[in-house]
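To start, the structure itself, in structure tokens.
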Amino acid sequence: MSDVLKVFKFEGEAVSKEPYGSGHINSTFLVVTNTGKRYILQKINNKIFPDVEGLMNNITLVTEHLKKKYTEPRRVLNLIKTIDDKSFAEVDGEYWRAYDFVEDSLCLQLPENNDDFYESAVAFGSFGEALSDFPVEKLVEVIPDFHNTPSRFKKFHEVLEKDPLGRAALVQEEIKFCLDREEEMGTLQRLRDDKVLPDRVTHNDTKLNNVLLDKNTRKNLCVIDLDTVMPGLCLYDYGDSIRFGASTALEDEKDLSKVSMSLDLFKIYTKGFVSALPNLTKEEKENLPLGAKTMTFECGMRFLTDYLDGDHYFAVHREGHNLDRARTQFKLVADMESKWEEMNKVVMEL
């Protein structure tokens, strides 16, 4: 077994280490010891997360706080300390961490029914609720300005002006779509700057596959993948869930006639999220639809920016892949706009 397996306080001696899961950023392995105990071992991608110490301090602070709120240990990821009592290990220039494996749990890539989607809403709402009394200023921003939409617009304008591949002429309609909404899409950041919307502990990657469900009850069990936990608006987490989970099509669907935002799924998720986060302020609740629209728009603009810049950030698997992604997000935004009154009605009735 490799040296990395010797630096963590595992129960017993490691007898196997196999690749596990389908994550794209970190390398994940399932480790089994001679006692039968299972662990998740991850090599941290320090190119994406250069401040490994800050990242792991965030995770340690948040998980220790959550442990005070739950009696069921499977409700919180449990970090395994190294033999010198640290939260991560550096071995041959690589950074590693380990967690207890959450037994009798289920991880879904897509919901198999509406209840699964509802449970993911309750999970992320409960995550925010349990951390609502956490001193958010203790967390570092692992990715500065991650959901600062005006900052994203600045990058968009810079790339648009340079137009390194001469692609701007091909996407004038998409560029106009962005520019027409620039003022509105800065609203959340302005409300955050003015302290109208409070900073909270946010997860920032609220896909269904970052929620573990109980294998037997199918109820939400544990929120995982805490790499992007940092200060932010709860509307970021809520909005990204709607963007990803309430869409009727895949993120890179080329046939835009298939792309819309399901009001039924919007209602299901909103109900679960709001019920699990009862201390939402009046201003937060009122701006939930804008959170959904802003996160969807921002994602689309980032795809378009990368397309104009030569596809350096997001991995592409075909010609025009990022443009297809951008168009899908913009179609979702337009569909939200056509359903704006209904979305606000759903929120206000909860």
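Please note that chains go A, B, ... in the order of the structure tokens, that every chain numbers its residues from 1, and that ligands are numbered from 1 in the order shown.
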Give me, as a PyMOL selection string, all polymer residues having an atom no more than 8 Å from Lys258 in chain A, counting only C-alpha atoms and skipping those fewer than 5 positions away in the same chain.
chain A and resi 248-249+253
Please build the interface table for range 235-344 of chain A against range 201-220 of chain A with a cut-off of 8 Å, listing for each qualifying residue the nearest atom pair and the distance in Å to one decimal; count only C-alpha atoms, order rows by chain and increasing number, and write it as JSON lines.
```
{"residue": "A:Tyr236", "atom": "CA", "partner": "A:Asn204", "partner_atom": "CA", "distance": 6.7}
{"residue": "A:Asp237", "atom": "CA", "partner": "A:Asn204", "partner_atom": "CA", "distance": 5.6}
{"residue": "A:Tyr238", "atom": "CA", "partner": "A:Thr206", "partner_atom": "CA", "distance": 7.7}
{"residue": "A:Asp240", "atom": "CA", "partner": "A:Thr206", "partner_atom": "CA", "distance": 6.5}
{"residue": "A:Ser241", "atom": "CA", "partner": "A:Thr206", "partner_atom": "CA", "distance": 5.5}
{"residue": "A:Phe244", "atom": "CA", "partner": "A:Lys207", "partner_atom": "CA", "distance": 7.0}
{"residue": "A:Gly245", "atom": "CA", "partner": "A:Lys207", "partner_atom": "CA", "distance": 7.4}
```
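Using only C-alpha atoms, the shortest contact distance between Phe156 in chain A and any of A:Arg302, A:Lys267, A:Lys9, A:Lys17 is found at A:Arg302.
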Contacts of range 139-248 of chain A with range 321-330 of chain A up to 10 Å, shortest pair per row, only C-alpha atoms, as JSON lines:
```
{"residue": "A:Val171", "atom": "CA", "partner": "A:Leu323", "partner_atom": "CA", "distance": 8.6}
{"residue": "A:Glu174", "atom": "CA", "partner": "A:Arg327", "partner_atom": "CA", "distance": 7.4}
{"residue": "A:Phe177", "atom": "CA", "partner": "A:Phe330", "partner_atom": "CA", "distance": 7.8}
{"residue": "A:Cys178", "atom": "CA", "partner": "A:Phe330", "partner_atom": "CA", "distance": 8.7}
{"residue": "A:Arg243", "atom": "CA", "partner": "A:Gln329", "partner_atom": "CA", "distance": 8.0}
{"residue": "A:Phe244", "atom": "CA", "partner": "A:Gln329", "partner_atom": "CA", "distance": 9.5}
{"residue": "A:Ser247", "atom": "CA", "partner": "A:Gln329", "partner_atom": "CA", "distance": 9.3}
```
Calculated over only C-alpha atoms, which of the candidates A:Pro278, A:Gly300, A:Pro135, A:Gly272 has the smallest distance to Asp116 in chain A?
A:Gly272
If you run DSSP on this backbone, which residues of range 192-311 of chain A come out as alpha helix (DSSP H), and could you give them as a PyMOL selection string?
chain A and resi 192-193+234-245+263-276+282-286+288-309
Extract the full set of strand (DSSP E) residues from range 124-236 of chain A according to DSSP on the backbone, and format it as a list in words.
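Output for range 124-236 of chain A, strand (DSSP E) only: Arg200, Val201, Thr202, Val211, Leu212, Leu213, Asp214, Asn220, Leu221, Cys222, Val223, Met230, Pro231 and Gly232 of chain A.
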For the residues in that selection, give me all heavy atoms as a compact mmCIF listing (two decimals), in the first residue's frame.
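That gives us selection.txt:
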```
# COMPACT_ATOMS: atom_id res chain seq x y z
N ARG A 200 -24.30 34.27 4.48
CA ARG A 200 -24.48 33.00 5.18
C ARG A 200 -23.37 32.04 4.74
O ARG A 200 -22.61 32.33 3.81
CB ARG A 200 -25.83 32.36 4.85
CG ARG A 200 -27.07 33.11 5.34
CD ARG A 200 -28.32 32.39 4.87
NE ARG A 200 -29.58 33.03 5.27
CZ ARG A 200 -30.30 32.69 6.31
NH1 ARG A 200 -29.87 31.72 7.11
NH2 ARG A 200 -31.45 33.29 6.56
N VAL A 201 -23.31 30.89 5.39
CA VAL A 201 -22.44 29.81 4.91
C VAL A 201 -23.14 29.19 3.72
O VAL A 201 -24.27 28.71 3.82
CB VAL A 201 -22.21 28.75 6.00
CG1 VAL A 201 -21.33 27.62 5.45
CG2 VAL A 201 -21.58 29.36 7.23
N THR A 202 -22.50 29.22 2.57
CA THR A 202 -23.09 28.65 1.35
C THR A 202 -22.25 27.49 0.83
O THR A 202 -21.03 27.46 1.01
CB THR A 202 -23.22 29.72 0.25
OG1 THR A 202 -21.97 30.42 0.11
CG2 THR A 202 -24.31 30.72 0.61
N VAL A 211 -25.77 15.35 -2.36
CA VAL A 211 -26.60 14.97 -1.22
C VAL A 211 -26.63 13.46 -1.14
O VAL A 211 -26.88 12.78 -2.13
CB VAL A 211 -28.05 15.49 -1.37
CG1 VAL A 211 -28.95 14.94 -0.28
CG2 VAL A 211 -28.08 17.02 -1.34
N LEU A 212 -26.34 12.93 0.03
CA LEU A 212 -26.52 11.50 0.26
C LEU A 212 -27.91 11.26 0.85
O LEU A 212 -28.31 11.97 1.78
CB LEU A 212 -25.45 10.96 1.23
CG LEU A 212 -24.00 11.06 0.76
CD1 LEU A 212 -23.07 10.42 1.80
CD2 LEU A 212 -23.79 10.38 -0.60
N LEU A 213 -28.62 10.28 0.30
CA LEU A 213 -29.91 9.88 0.82
C LEU A 213 -29.75 8.59 1.62
O LEU A 213 -28.85 7.79 1.34
CB LEU A 213 -30.91 9.65 -0.32
CG LEU A 213 -31.16 10.81 -1.28
CD1 LEU A 213 -32.13 10.38 -2.38
CD2 LEU A 213 -31.70 12.03 -0.55
N ASP A 214 -30.59 8.40 2.60
CA ASP A 214 -30.60 7.14 3.33
C ASP A 214 -31.09 6.04 2.40
O ASP A 214 -32.14 6.18 1.76
CB ASP A 214 -31.52 7.24 4.55
CG ASP A 214 -31.44 6.01 5.43
OD1 ASP A 214 -32.00 4.96 5.03
OD2 ASP A 214 -30.84 6.09 6.52
N ASN A 220 -33.21 12.64 3.08
CA ASN A 220 -31.89 13.27 3.00
C ASN A 220 -31.08 12.92 4.24
O ASN A 220 -31.61 12.86 5.34
CB ASN A 220 -32.03 14.77 2.82
CG ASN A 220 -32.46 15.49 4.08
OD1 ASN A 220 -31.63 15.89 4.90
ND2 ASN A 220 -33.77 15.64 4.25
N LEU A 221 -29.81 12.69 4.02
CA LEU A 221 -28.95 12.23 5.10
C LEU A 221 -27.80 13.20 5.35
O LEU A 221 -27.61 13.66 6.47
CB LEU A 221 -28.40 10.84 4.73
CG LEU A 221 -27.63 10.07 5.79
CD1 LEU A 221 -28.50 9.81 7.01
CD2 LEU A 221 -27.13 8.74 5.21
N CYS A 222 -27.07 13.54 4.29
CA CYS A 222 -25.82 14.27 4.48
C CYS A 222 -25.47 15.07 3.23
O CYS A 222 -25.62 14.57 2.11
CB CYS A 222 -24.71 13.26 4.78
SG CYS A 222 -23.08 13.95 5.04
N VAL A 223 -25.02 16.30 3.42
CA VAL A 223 -24.49 17.11 2.32
C VAL A 223 -22.99 16.86 2.23
O VAL A 223 -22.28 16.91 3.23
CB VAL A 223 -24.78 18.60 2.55
CG1 VAL A 223 -24.01 19.47 1.55
CG2 VAL A 223 -26.27 18.88 2.45
N MET A 230 -18.19 28.55 1.62
CA MET A 230 -17.61 29.87 1.90
C MET A 230 -18.74 30.88 2.13
O MET A 230 -19.91 30.54 1.99
CB MET A 230 -16.69 30.31 0.75
CG MET A 230 -17.32 30.30 -0.64
SD MET A 230 -16.06 30.68 -1.90
CE MET A 230 -16.91 30.08 -3.38
N PRO A 231 -18.40 32.11 2.49
CA PRO A 231 -19.45 33.12 2.69
C PRO A 231 -20.16 33.43 1.37
O PRO A 231 -19.54 33.46 0.30
CB PRO A 231 -18.67 34.34 3.19
CG PRO A 231 -17.37 33.82 3.69
CD PRO A 231 -17.06 32.63 2.84
N GLY A 232 -21.46 33.66 1.44
CA GLY A 232 -22.23 34.00 0.25
C GLY A 232 -23.69 34.21 0.59
O GLY A 232 -24.06 34.29 1.76
```
Taking 4 positions as the minimum chain separation for residues in the same chain, which residues sit within 12 Å of Leu233 in chain A when counting only C-alpha atoms? Answer as a compact mmCIF listing (two decimals) with all heavy atoms, in the first residue's frame.
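After the write, out19.txt holds the following:
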```
# COMPACT_ATOMS: atom_id res chain seq x y z
N GLY A 128 -28.11 25.05 5.48
CA GLY A 128 -28.07 26.47 5.77
C GLY A 128 -28.61 26.81 7.14
O GLY A 128 -28.06 27.65 7.86
N SER A 132 -26.73 28.61 10.41
CA SER A 132 -27.18 30.00 10.45
C SER A 132 -26.59 30.76 11.64
O SER A 132 -26.53 31.98 11.62
CB SER A 132 -28.71 30.07 10.48
OG SER A 132 -29.22 29.40 11.62
N VAL A 136 -19.75 33.41 10.02
CA VAL A 136 -19.34 33.21 8.63
C VAL A 136 -18.02 33.91 8.30
O VAL A 136 -17.29 33.49 7.38
CB VAL A 136 -20.47 33.67 7.68
CG1 VAL A 136 -20.64 35.18 7.70
CG2 VAL A 136 -20.25 33.17 6.26
N ASP A 145 -14.97 36.04 -5.37
CA ASP A 145 -15.95 36.58 -6.32
C ASP A 145 -16.61 35.50 -7.18
O ASP A 145 -16.95 35.74 -8.33
CB ASP A 145 -15.29 37.63 -7.23
CG ASP A 145 -14.89 38.88 -6.48
OD1 ASP A 145 -15.62 39.26 -5.54
OD2 ASP A 145 -13.86 39.48 -6.83
N PHE A 146 -16.78 34.33 -6.58
CA PHE A 146 -17.32 33.19 -7.34
C PHE A 146 -18.68 33.52 -7.96
O PHE A 146 -18.93 33.23 -9.12
CB PHE A 146 -17.42 31.97 -6.43
CG PHE A 146 -17.78 30.69 -7.14
CD1 PHE A 146 -17.09 30.29 -8.26
CD2 PHE A 146 -18.79 29.87 -6.66
CE1 PHE A 146 -17.40 29.11 -8.92
CE2 PHE A 146 -19.12 28.69 -7.30
CZ PHE A 146 -18.42 28.30 -8.43
N HIS A 147 -19.58 34.13 -7.19
CA HIS A 147 -20.90 34.50 -7.71
C HIS A 147 -21.11 36.01 -7.70
O HIS A 147 -22.23 36.50 -7.53
CB HIS A 147 -22.00 33.81 -6.91
CG HIS A 147 -22.16 32.36 -7.24
ND1 HIS A 147 -22.20 31.90 -8.54
CD2 HIS A 147 -22.29 31.26 -6.45
CE1 HIS A 147 -22.35 30.57 -8.53
NE2 HIS A 147 -22.40 30.17 -7.28
N ASN A 148 -20.02 36.75 -7.90
CA ASN A 148 -20.12 38.19 -8.05
C ASN A 148 -20.42 38.48 -9.51
O ASN A 148 -19.52 38.55 -10.35
CB ASN A 148 -18.81 38.85 -7.61
CG ASN A 148 -18.85 40.36 -7.65
OD1 ASN A 148 -19.57 40.95 -8.47
ND2 ASN A 148 -18.09 41.00 -6.78
N LEU A 188 -28.44 41.28 -7.05
CA LEU A 188 -28.10 40.52 -5.84
C LEU A 188 -26.80 40.99 -5.22
O LEU A 188 -26.69 41.10 -4.00
CB LEU A 188 -28.02 39.02 -6.15
CG LEU A 188 -29.32 38.30 -6.51
CD1 LEU A 188 -29.08 36.80 -6.63
CD2 LEU A 188 -30.42 38.57 -5.48
N GLN A 189 -25.80 41.26 -6.06
CA GLN A 189 -24.52 41.72 -5.52
C GLN A 189 -24.68 43.08 -4.84
O GLN A 189 -24.09 43.32 -3.78
CB GLN A 189 -23.47 41.80 -6.63
CG GLN A 189 -22.08 42.14 -6.14
CD GLN A 189 -21.52 41.11 -5.17
OE1 GLN A 189 -21.66 39.91 -5.38
NE2 GLN A 189 -20.89 41.56 -4.10
N ARG A 190 -25.47 43.96 -5.43
CA ARG A 190 -25.70 45.27 -4.80
C ARG A 190 -26.43 45.11 -3.46
O ARG A 190 -26.08 45.77 -2.47
CB ARG A 190 -26.50 46.17 -5.74
CG ARG A 190 -25.71 46.65 -6.95
CD ARG A 190 -26.43 47.76 -7.70
NE ARG A 190 -27.66 47.32 -8.32
CZ ARG A 190 -27.75 46.77 -9.54
NH1 ARG A 190 -26.64 46.59 -10.26
NH2 ARG A 190 -28.90 46.42 -10.05
N LEU A 191 -27.40 44.22 -3.42
CA LEU A 191 -28.13 43.98 -2.17
C LEU A 191 -27.22 43.35 -1.11
O LEU A 191 -27.36 43.61 0.08
CB LEU A 191 -29.35 43.09 -2.42
CG LEU A 191 -30.48 43.71 -3.25
CD1 LEU A 191 -31.56 42.68 -3.55
CD2 LEU A 191 -31.08 44.91 -2.51
N ARG A 192 -26.28 42.53 -1.57
CA ARG A 192 -25.30 41.95 -0.64
C ARG A 192 -24.35 43.02 -0.13
O ARG A 192 -24.08 43.11 1.08
CB ARG A 192 -24.52 40.83 -1.33
CG ARG A 192 -23.54 40.12 -0.41
CD ARG A 192 -22.71 39.07 -1.13
NE ARG A 192 -21.78 38.43 -0.21
CZ ARG A 192 -20.82 37.58 -0.58
NH1 ARG A 192 -20.68 37.24 -1.85
NH2 ARG A 192 -20.02 37.04 0.33
N ASP A 193 -23.86 43.85 -1.04
CA ASP A 193 -22.94 44.93 -0.65
C ASP A 193 -23.60 45.87 0.35
O ASP A 193 -22.93 46.38 1.26
CB ASP A 193 -22.48 45.70 -1.88
CG ASP A 193 -21.56 44.89 -2.78
OD1 ASP A 193 -21.01 43.87 -2.31
OD2 ASP A 193 -21.41 45.28 -3.96
N LYS A 195 -25.81 45.12 2.50
CA LYS A 195 -26.23 44.36 3.69
C LYS A 195 -27.75 44.16 3.78
O LYS A 195 -28.27 43.84 4.85
CB LYS A 195 -25.74 45.02 4.99
CG LYS A 195 -24.28 45.40 5.01
CD LYS A 195 -23.37 44.18 4.91
CE LYS A 195 -21.90 44.58 5.02
NZ LYS A 195 -20.98 43.45 4.79
N VAL A 196 -28.45 44.34 2.66
CA VAL A 196 -29.89 44.05 2.63
C VAL A 196 -30.10 42.54 2.68
O VAL A 196 -31.02 42.04 3.33
CB VAL A 196 -30.54 44.65 1.36
CG1 VAL A 196 -32.02 44.26 1.28
CG2 VAL A 196 -30.39 46.16 1.35
N LEU A 197 -29.23 41.81 1.98
CA LEU A 197 -29.22 40.35 2.03
C LEU A 197 -28.02 39.90 2.86
O LEU A 197 -26.89 40.34 2.60
CB LEU A 197 -29.14 39.76 0.62
CG LEU A 197 -30.33 40.06 -0.29
CD1 LEU A 197 -30.05 39.56 -1.71
CD2 LEU A 197 -31.61 39.42 0.24
N PRO A 198 -28.23 39.04 3.86
CA PRO A 198 -27.13 38.68 4.77
C PRO A 198 -26.21 37.60 4.19
O PRO A 198 -26.65 36.71 3.45
CB PRO A 198 -27.88 38.13 5.98
CG PRO A 198 -29.14 37.55 5.42
CD PRO A 198 -29.53 38.45 4.28
N ASP A 199 -24.95 37.71 4.53
CA ASP A 199 -24.02 36.63 4.22
C ASP A 199 -24.34 35.42 5.09
O ASP A 199 -24.61 35.55 6.29
CB ASP A 199 -22.58 37.07 4.48
CG ASP A 199 -21.91 37.60 3.23
OD1 ASP A 199 -22.61 37.80 2.22
OD2 ASP A 199 -20.68 37.82 3.26
N ARG A 200 -24.30 34.27 4.48
CA ARG A 200 -24.48 33.00 5.18
C ARG A 200 -23.37 32.04 4.74
O ARG A 200 -22.61 32.33 3.81
CB ARG A 200 -25.83 32.36 4.85
CG ARG A 200 -27.07 33.11 5.34
CD ARG A 200 -28.32 32.39 4.87
NE ARG A 200 -29.58 33.03 5.27
CZ ARG A 200 -30.30 32.69 6.31
NH1 ARG A 200 -29.87 31.72 7.11
NH2 ARG A 200 -31.45 33.29 6.56
N VAL A 201 -23.31 30.89 5.39
CA VAL A 201 -22.44 29.81 4.91
C VAL A 201 -23.14 29.19 3.72
O VAL A 201 -24.27 28.71 3.82
CB VAL A 201 -22.21 28.75 6.00
CG1 VAL A 201 -21.33 27.62 5.45
CG2 VAL A 201 -21.58 29.36 7.23
N THR A 202 -22.50 29.22 2.57
CA THR A 202 -23.09 28.65 1.35
C THR A 202 -22.25 27.49 0.83
O THR A 202 -21.03 27.46 1.01
CB THR A 202 -23.22 29.72 0.25
OG1 THR A 202 -21.97 30.42 0.11
CG2 THR A 202 -24.31 30.72 0.61
N HIS A 203 -22.92 26.55 0.18
CA HIS A 203 -22.26 25.35 -0.32
C HIS A 203 -21.66 25.58 -1.70
O HIS A 203 -20.56 25.14 -2.00
CB HIS A 203 -23.28 24.20 -0.38
CG HIS A 203 -22.71 22.89 -0.79
ND1 HIS A 203 -22.52 22.55 -2.12
CD2 HIS A 203 -22.29 21.82 -0.07
CE1 HIS A 203 -22.00 21.33 -2.19
NE2 HIS A 203 -21.84 20.86 -0.96
N ASN A 204 -22.42 26.22 -2.58
CA ASN A 204 -21.96 26.65 -3.91
C ASN A 204 -21.80 25.53 -4.94
O ASN A 204 -21.22 25.77 -6.00
CB ASN A 204 -20.65 27.45 -3.79
CG ASN A 204 -20.85 28.76 -3.08
OD1 ASN A 204 -21.58 29.62 -3.55
ND2 ASN A 204 -20.23 28.91 -1.91
N VAL A 229 -17.50 25.51 0.16
CA VAL A 229 -18.17 26.16 1.29
C VAL A 229 -17.44 27.47 1.61
O VAL A 229 -16.23 27.48 1.80
CB VAL A 229 -18.19 25.23 2.52
CG1 VAL A 229 -18.52 26.02 3.78
CG2 VAL A 229 -19.20 24.12 2.33
N ASP A 237 -27.14 29.21 -3.52
CA ASP A 237 -27.38 27.78 -3.42
C ASP A 237 -28.75 27.41 -3.97
O ASP A 237 -28.91 26.46 -4.74
CB ASP A 237 -27.26 27.32 -1.96
CG ASP A 237 -25.82 27.19 -1.50
OD1 ASP A 237 -24.91 27.38 -2.33
OD2 ASP A 237 -25.60 26.90 -0.32
N TYR A 238 -29.76 28.15 -3.56
CA TYR A 238 -31.12 27.91 -4.04
C TYR A 238 -31.19 28.07 -5.56
O TYR A 238 -31.72 27.21 -6.27
CB TYR A 238 -32.08 28.90 -3.37
CG TYR A 238 -33.45 28.94 -4.01
CD1 TYR A 238 -34.43 28.01 -3.66
CD2 TYR A 238 -33.75 29.89 -4.97
CE1 TYR A 238 -35.69 28.05 -4.26
CE2 TYR A 238 -35.00 29.94 -5.58
CZ TYR A 238 -35.95 29.01 -5.23
OH TYR A 238 -37.18 29.04 -5.82
N GLY A 239 -30.63 29.16 -6.07
CA GLY A 239 -30.73 29.45 -7.49
C GLY A 239 -30.04 28.42 -8.36
O GLY A 239 -30.55 28.04 -9.42
N ASP A 240 -28.87 27.95 -7.92
CA ASP A 240 -28.16 26.96 -8.72
C ASP A 240 -28.88 25.63 -8.73
O ASP A 240 -28.85 24.89 -9.72
CB ASP A 240 -26.72 26.80 -8.19
CG ASP A 240 -25.77 26.32 -9.27
OD1 ASP A 240 -25.92 26.74 -10.43
OD2 ASP A 240 -24.87 25.52 -8.96
N LEU A 280 -35.26 32.38 6.95
CA LEU A 280 -35.08 33.25 5.79
C LEU A 280 -35.64 34.63 6.10
O LEU A 280 -36.74 34.75 6.65
CB LEU A 280 -35.83 32.70 4.57
CG LEU A 280 -35.19 31.61 3.71
CD1 LEU A 280 -36.19 31.17 2.64
CD2 LEU A 280 -33.91 32.08 3.07
N THR A 281 -34.91 35.66 5.75
CA THR A 281 -35.45 37.00 5.94
C THR A 281 -36.50 37.30 4.86
O THR A 281 -36.56 36.61 3.83
CB THR A 281 -34.35 38.07 5.84
OG1 THR A 281 -33.85 38.13 4.49
CG2 THR A 281 -33.20 37.76 6.80
N GLU A 283 -36.51 39.72 2.82
CA GLU A 283 -35.82 40.11 1.59
C GLU A 283 -35.25 38.89 0.86
O GLU A 283 -35.28 38.83 -0.37
CB GLU A 283 -34.70 41.11 1.90
CG GLU A 283 -35.18 42.47 2.35
CD GLU A 283 -35.65 42.51 3.80
OE1 GLU A 283 -35.35 41.55 4.56
OE2 GLU A 283 -36.30 43.50 4.18
N GLU A 284 -34.75 37.92 1.62
CA GLU A 284 -34.25 36.69 0.99
C GLU A 284 -35.38 35.95 0.29
O GLU A 284 -35.24 35.52 -0.87
CB GLU A 284 -33.60 35.79 2.05
CG GLU A 284 -32.24 36.26 2.51
CD GLU A 284 -31.67 35.39 3.63
OE1 GLU A 284 -32.43 35.05 4.57
OE2 GLU A 284 -30.49 35.05 3.57
N LYS A 285 -36.47 35.79 0.99
CA LYS A 285 -37.60 35.05 0.41
C LYS A 285 -38.12 35.73 -0.85
O LYS A 285 -38.37 35.08 -1.87
CB LYS A 285 -38.71 34.90 1.44
CG LYS A 285 -39.83 33.97 1.00
CD LYS A 285 -40.84 33.75 2.14
CE LYS A 285 -41.96 32.82 1.66
NZ LYS A 285 -42.98 32.62 2.71
N ASN A 287 -36.61 37.48 -2.94
CA ASN A 287 -35.65 37.44 -4.04
C ASN A 287 -35.28 36.03 -4.49
O ASN A 287 -34.36 35.87 -5.30
CB ASN A 287 -34.39 38.22 -3.66
CG ASN A 287 -34.58 39.72 -3.76
OD1 ASN A 287 -34.65 40.27 -4.86
ND2 ASN A 287 -34.69 40.39 -2.62
N LEU A 288 -35.98 35.01 -4.00
CA LEU A 288 -35.70 33.64 -4.45
C LEU A 288 -35.81 33.50 -5.97
O LEU A 288 -34.89 32.92 -6.60
CB LEU A 288 -36.62 32.64 -3.74
CG LEU A 288 -36.29 32.36 -2.26
CD1 LEU A 288 -37.39 31.53 -1.63
CD2 LEU A 288 -34.94 31.65 -2.11
N GLY A 291 -32.83 34.89 -7.49
CA GLY A 291 -31.69 34.01 -7.28
C GLY A 291 -31.60 32.96 -8.37
O GLY A 291 -30.53 32.69 -8.92
N THR A 294 -30.68 34.73 -11.70
CA THR A 294 -29.31 35.24 -11.71
C THR A 294 -28.28 34.13 -11.84
O THR A 294 -27.33 34.22 -12.63
CB THR A 294 -29.02 36.07 -10.44
OG1 THR A 294 -29.98 37.13 -10.35
CG2 THR A 294 -27.62 36.66 -10.47
N MET A 295 -28.47 33.04 -11.09
CA MET A 295 -27.51 31.94 -11.17
C MET A 295 -27.55 31.27 -12.55
O MET A 295 -26.51 30.85 -13.07
CB MET A 295 -27.80 30.90 -10.08
CG MET A 295 -27.48 31.37 -8.66
SD MET A 295 -25.74 31.83 -8.42
CE MET A 295 -25.83 33.62 -8.67
```
